[in-house]
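This report refers to the structure that appears directly beneath it.
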Amino acid sequence: MRTVIAGGHGQIALRLEQLLSARGDEVAGIIRKAEQGDDLRRAGAEPVLLDLESASVEEVAAHLQGADAAVFAAGAGPGSGTARKDTVDRGAAVLFADAAVRARVRRFVVVSSMGADPAHEGDEVFDVYLRAKGEADAYVTRQDALDWTILRPGALTNDAGTGLVRLEARTGRGPVPRDDVAAVLAELVDTSATAGLTLELIGGSTPVSVAVKSVAGN
């Protein structure tokens with residue numbers, strides 16, 4: 001199986017690349033800076049140098065050709081202003097979805113955020129972020145050519161993963177280790193029975209594979 005990950009140098013993406021490559025999958029990560037390439041290679045991924053803020057749909061689609069799945073895990077990051085929330089968290093997600101449709105990659109998984117909502121009110125940077133993520137999610141869910149799943153983790157931590165989570169349409173707020181988010185994504189990538197679902201994720205008591213199977217087809 002070949003998976004292409006947008007935002008390939010992100011903390012969750014690097015963990016996901018490691019998991020996918022360790023199980024024998026082919027994985028490519030889209031990055032903006034050439035110096036990030038070695039980190040991806042160490043994770044077992046092929047680095048793809050491409051700026052999703054300036055690339056065309058055709059350019060992105062060319063890198064998605066032949067992929068079995070696409071994962072949008074890019075983000076402007078906590079230090080960025082409101083403009084890049086729009087160009088990355090919304091715009092790049094829309095571009096990546098359009099490119100997946102063009103390349104005929106049906107399986108499409110989005111790393112979103114708990115509270116993402118296109119109608120979210122407020123003018124603080126985090127408000128703009130939640131609105132941008134919500135708009136991106138709404139766009140993806142309207143694409144009939146994609147078997148999409150939206151994953152909305154709670155508060156991300158760098159604690160060691162436990163492999164135990166709570167994965168439901170609504171979980172309520174709570175923390176979740178990035179390790180466990182990556183583990184859930186690795187399961188979602190090849191569980192197309194979760195297509196059409198928007199899921200929240202926090203730490204819990206259910207093993208990752210069981211949690212994914214229990215929501216599949218719902």
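Residues in the structure tokens are numbered from 1 in each chain, the chains being A, B, ... in the order shown, and ligands are numbered from 1 in the order shown.
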
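Contact shell of Glu59 of chain A at 12 Å (only C-alpha atoms; same-chain neighbours under 6 positions omitted): A:Ile30, A:Val48, A:Leu49, A:Leu50, A:Asp51, A:Leu52, A:Glu53, A:Gln65, A:Leu95, A:Phe96, A:Asp98, A:Ala99, A:Ala100, A:Arg102, A:Ala103.
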
Next, the residues of the selection above should be written as a PDB file, in the first residue's frame with C-alpha atoms.
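What landed in again.pdb:
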ATOM      1  CA  ILE A  30       5.243  16.242   1.310  1.00  0.00           C
ATOM      2  CA  VAL A  48       8.585  15.021  -1.657  1.00  0.00           C
ATOM      3  CA  LEU A  49       9.602  18.696  -1.875  1.00  0.00           C
ATOM      4  CA  LEU A  50       6.499  20.748  -2.657  1.00  0.00           C
ATOM      5  CA  ASP A  51       4.987  23.932  -1.224  1.00  0.00           C
ATOM      6  CA  LEU A  52       1.239  23.416  -0.831  1.00  0.00           C
ATOM      7  CA  GLU A  53       0.725  27.177  -0.487  1.00  0.00           C
ATOM      8  CA  GLN A  65      -0.600   9.244  -8.873  1.00  0.00           C
ATOM      9  CA  LEU A  95      -5.943  21.784  -2.731  1.00  0.00           C
ATOM     10  CA  PHE A  96      -4.897  18.340  -1.474  1.00  0.00           C
ATOM     11  CA  ASP A  98      -8.865  18.426  -5.240  1.00  0.00           C
ATOM     12  CA  ALA A  99      -5.557  16.790  -6.207  1.00  0.00           C
ATOM     13  CA  ALA A 100      -6.645  13.451  -4.725  1.00  0.00           C
ATOM     14  CA  ARG A 102      -7.845  14.375  -9.898  1.00  0.00           C
ATOM     15  CA  ALA A 103      -5.376  11.537  -9.206  1.00  0.00           C
TER      16      ALA A 103
END

Report task. Skip segment 156-166 of chain A itself and residues of its chain fewer than 2 positions away, then list as an MDAnalysis selection string all residues within 12 Å of it, counting only C-alpha atoms. Result -> chainID A and resid 11:12 15 111:114 152:154 168:184 187 199:212 214:215

Requested in this report: Just the strand (DSSP E) stuff from segment 97-218 of chain A, please, per backbone DSSP, written as an MDAnalysis selection string.
Outcome: chainID A and resid 107:111 147:153 155:157 164:168 175:177 197:203 206:207

Hey, can you spit out that residue selection with N, CA, C and O atoms as a short mmCIF file (atom, residue, chain, number, x, y, z; two decimals), in the first residue's frame?
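Heads up, here's the output in again00.cif:
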data_model
loop_
_atom_site.label_atom_id
_atom_site.label_comp_id
_atom_site.auth_asym_id
_atom_site.auth_seq_id
_atom_site.Cartn_x
_atom_site.Cartn_y
_atom_site.Cartn_z
N ARG A 107 -9.19 7.01 -0.99
CA ARG A 107 -9.08 7.02 0.48
C ARG A 107 -8.39 8.30 0.92
O ARG A 107 -7.24 8.57 0.54
N PHE A 108 -9.07 9.08 1.75
CA PHE A 108 -8.59 10.41 2.11
C PHE A 108 -8.88 10.64 3.59
O PHE A 108 -10.04 10.66 4.01
N VAL A 109 -7.81 10.80 4.38
CA VAL A 109 -7.95 10.98 5.83
C VAL A 109 -7.42 12.35 6.21
O VAL A 109 -6.33 12.75 5.77
N VAL A 110 -8.18 13.07 7.02
CA VAL A 110 -7.80 14.41 7.44
C VAL A 110 -7.54 14.43 8.94
O VAL A 110 -8.35 13.94 9.73
N VAL A 111 -6.39 15.00 9.33
CA VAL A 111 -6.13 15.28 10.74
C VAL A 111 -6.68 16.68 11.01
O VAL A 111 -6.10 17.68 10.57
N ASP A 147 -13.38 8.76 -0.42
CA ASP A 147 -13.82 7.98 0.75
C ASP A 147 -13.10 8.62 1.95
O ASP A 147 -12.05 8.15 2.39
N TRP A 148 -13.69 9.69 2.45
CA TRP A 148 -13.01 10.52 3.46
C TRP A 148 -13.35 10.08 4.89
O TRP A 148 -14.44 9.58 5.17
N THR A 149 -12.39 10.31 5.77
CA THR A 149 -12.60 10.22 7.21
C THR A 149 -11.92 11.42 7.84
O THR A 149 -10.77 11.73 7.52
N ILE A 150 -12.64 12.12 8.71
CA ILE A 150 -12.09 13.28 9.42
C ILE A 150 -11.79 12.85 10.85
O ILE A 150 -12.69 12.36 11.55
N LEU A 151 -10.55 13.02 11.29
CA LEU A 151 -10.17 12.68 12.66
C LEU A 151 -9.88 13.97 13.43
O LEU A 151 -9.04 14.77 13.02
N ARG A 152 -10.58 14.14 14.56
CA ARG A 152 -10.42 15.35 15.38
C ARG A 152 -9.88 14.97 16.76
O ARG A 152 -10.65 14.66 17.68
N PRO A 153 -8.55 15.00 16.93
CA PRO A 153 -7.98 14.67 18.24
C PRO A 153 -8.22 15.78 19.26
O PRO A 153 -8.41 16.94 18.90
N ALA A 155 -6.58 17.43 23.04
CA ALA A 155 -5.33 18.16 23.32
C ALA A 155 -4.14 17.22 23.13
O ALA A 155 -4.01 16.20 23.82
N LEU A 156 -3.26 17.56 22.20
CA LEU A 156 -2.13 16.69 21.85
C LEU A 156 -1.02 16.78 22.89
O LEU A 156 -0.68 17.87 23.36
N THR A 157 -0.48 15.63 23.26
CA THR A 157 0.64 15.59 24.21
C THR A 157 1.78 14.76 23.60
O THR A 157 1.57 13.99 22.66
N LEU A 164 -4.27 2.88 23.97
CA LEU A 164 -5.65 2.82 24.45
C LEU A 164 -6.31 4.17 24.21
O LEU A 164 -5.79 5.21 24.64
N VAL A 165 -7.46 4.17 23.54
CA VAL A 165 -8.08 5.42 23.13
C VAL A 165 -9.59 5.37 23.29
O VAL A 165 -10.18 4.32 23.57
N ARG A 166 -10.19 6.52 23.10
CA ARG A 166 -11.64 6.62 22.96
C ARG A 166 -11.90 7.30 21.61
O ARG A 166 -11.45 8.43 21.39
N LEU A 167 -12.57 6.62 20.71
CA LEU A 167 -12.78 7.08 19.35
C LEU A 167 -14.27 6.99 19.04
O LEU A 167 -14.81 5.90 18.90
N GLU A 168 -14.90 8.14 18.97
CA GLU A 168 -16.36 8.18 18.76
C GLU A 168 -16.72 9.45 18.00
O GLU A 168 -15.90 10.34 17.84
N PRO A 175 -7.06 14.90 26.73
CA PRO A 175 -5.75 14.79 26.08
C PRO A 175 -5.60 13.47 25.32
O PRO A 175 -6.30 12.50 25.60
N VAL A 176 -4.65 13.46 24.39
CA VAL A 176 -4.31 12.23 23.68
C VAL A 176 -2.86 12.35 23.20
O VAL A 176 -2.46 13.37 22.64
N PRO A 177 -2.04 11.32 23.45
CA PRO A 177 -0.64 11.37 22.97
C PRO A 177 -0.58 11.33 21.44
O PRO A 177 -1.37 10.64 20.79
N LEU A 197 -17.15 9.23 7.98
CA LEU A 197 -17.27 9.51 9.42
C LEU A 197 -16.37 10.67 9.84
O LEU A 197 -15.23 10.79 9.37
N THR A 198 -16.88 11.49 10.74
CA THR A 198 -16.08 12.49 11.44
C THR A 198 -15.97 12.02 12.88
O THR A 198 -16.99 11.83 13.55
N LEU A 199 -14.74 11.78 13.34
CA LEU A 199 -14.52 11.12 14.63
C LEU A 199 -13.67 11.98 15.55
O LEU A 199 -12.69 12.59 15.12
N GLU A 200 -14.03 11.99 16.82
CA GLU A 200 -13.20 12.63 17.83
C GLU A 200 -12.37 11.57 18.54
O GLU A 200 -12.80 10.41 18.67
N LEU A 201 -11.18 11.98 19.01
CA LEU A 201 -10.24 11.03 19.60
C LEU A 201 -9.60 11.62 20.85
O LEU A 201 -9.04 12.72 20.81
N ILE A 202 -9.68 10.88 21.94
CA ILE A 202 -8.96 11.23 23.17
C ILE A 202 -8.40 9.94 23.76
O ILE A 202 -8.70 8.84 23.28
N GLY A 203 -7.59 10.06 24.80
CA GLY A 203 -7.11 8.88 25.50
C GLY A 203 -8.30 8.12 26.11
O GLY A 203 -9.31 8.74 26.48
N THR A 206 -9.79 1.66 25.26
CA THR A 206 -10.01 0.68 24.20
C THR A 206 -8.78 0.59 23.31
O THR A 206 -8.28 1.62 22.84
N PRO A 207 -8.26 -0.61 23.04
CA PRO A 207 -7.12 -0.74 22.13
C PRO A 207 -7.44 -0.12 20.76
O PRO A 207 -8.58 -0.19 20.28
#

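The space between atom CA of Leu188 of chain A and atom CA of Val140 of chain A spans 16.2 Å.
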
Query - Backbone DSSP call of helix (DSSP H, G or I) for segment 18-210 of chain A, listed as a PyMOL selection string - result: chain A and resi 18-22+34-42+57-64+82-103+125-141+178-189+192-194+208-210

Query - Residues within 6 Å of Arg131 of chain A, only C-alpha atoms, excluding chain neighbours under 3 positions, as a PyMOL selection string - result: chain A and resi 117-118+120+128+134

Query raised in the report: Which polymer residues have any atom within 7 Å of an atom of Arg90 of chain A, counting only C-alpha atoms, with same-chain residues fewer than 5 positions away left out, as a list of chain:residue names?
Result: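 Contacts, with the query itself left out: A:Lys85, A:Ala132, A:Lys133, A:Glu135, A:Ala136.
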
Next, dump the selected residues to file, keeping only N, CA and C atoms, as a short mmCIF file (atom, residue, chain, number, x, y, z; two decimals), in the first residue's frame.
data_model
loop_
_atom_site.label_atom_id
_atom_site.label_comp_id
_atom_site.auth_asym_id
_atom_site.auth_seq_id
_atom_site.Cartn_x
_atom_site.Cartn_y
_atom_site.Cartn_z
N LYS A 85 -3.32 30.50 8.55
CA LYS A 85 -4.41 29.58 8.90
C LYS A 85 -5.28 29.37 7.68
N ALA A 132 -10.96 27.85 10.00
CA ALA A 132 -10.28 27.37 8.80
C ALA A 132 -10.34 25.84 8.72
N LYS A 133 -10.08 25.18 9.84
CA LYS A 133 -10.16 23.71 9.86
C LYS A 133 -11.59 23.25 9.57
N GLU A 135 -13.88 24.84 7.81
CA GLU A 135 -14.17 25.07 6.39
C GLU A 135 -13.52 23.99 5.52
N ALA A 136 -12.29 23.61 5.88
CA ALA A 136 -11.60 22.56 5.13
C ALA A 136 -12.34 21.23 5.27
#
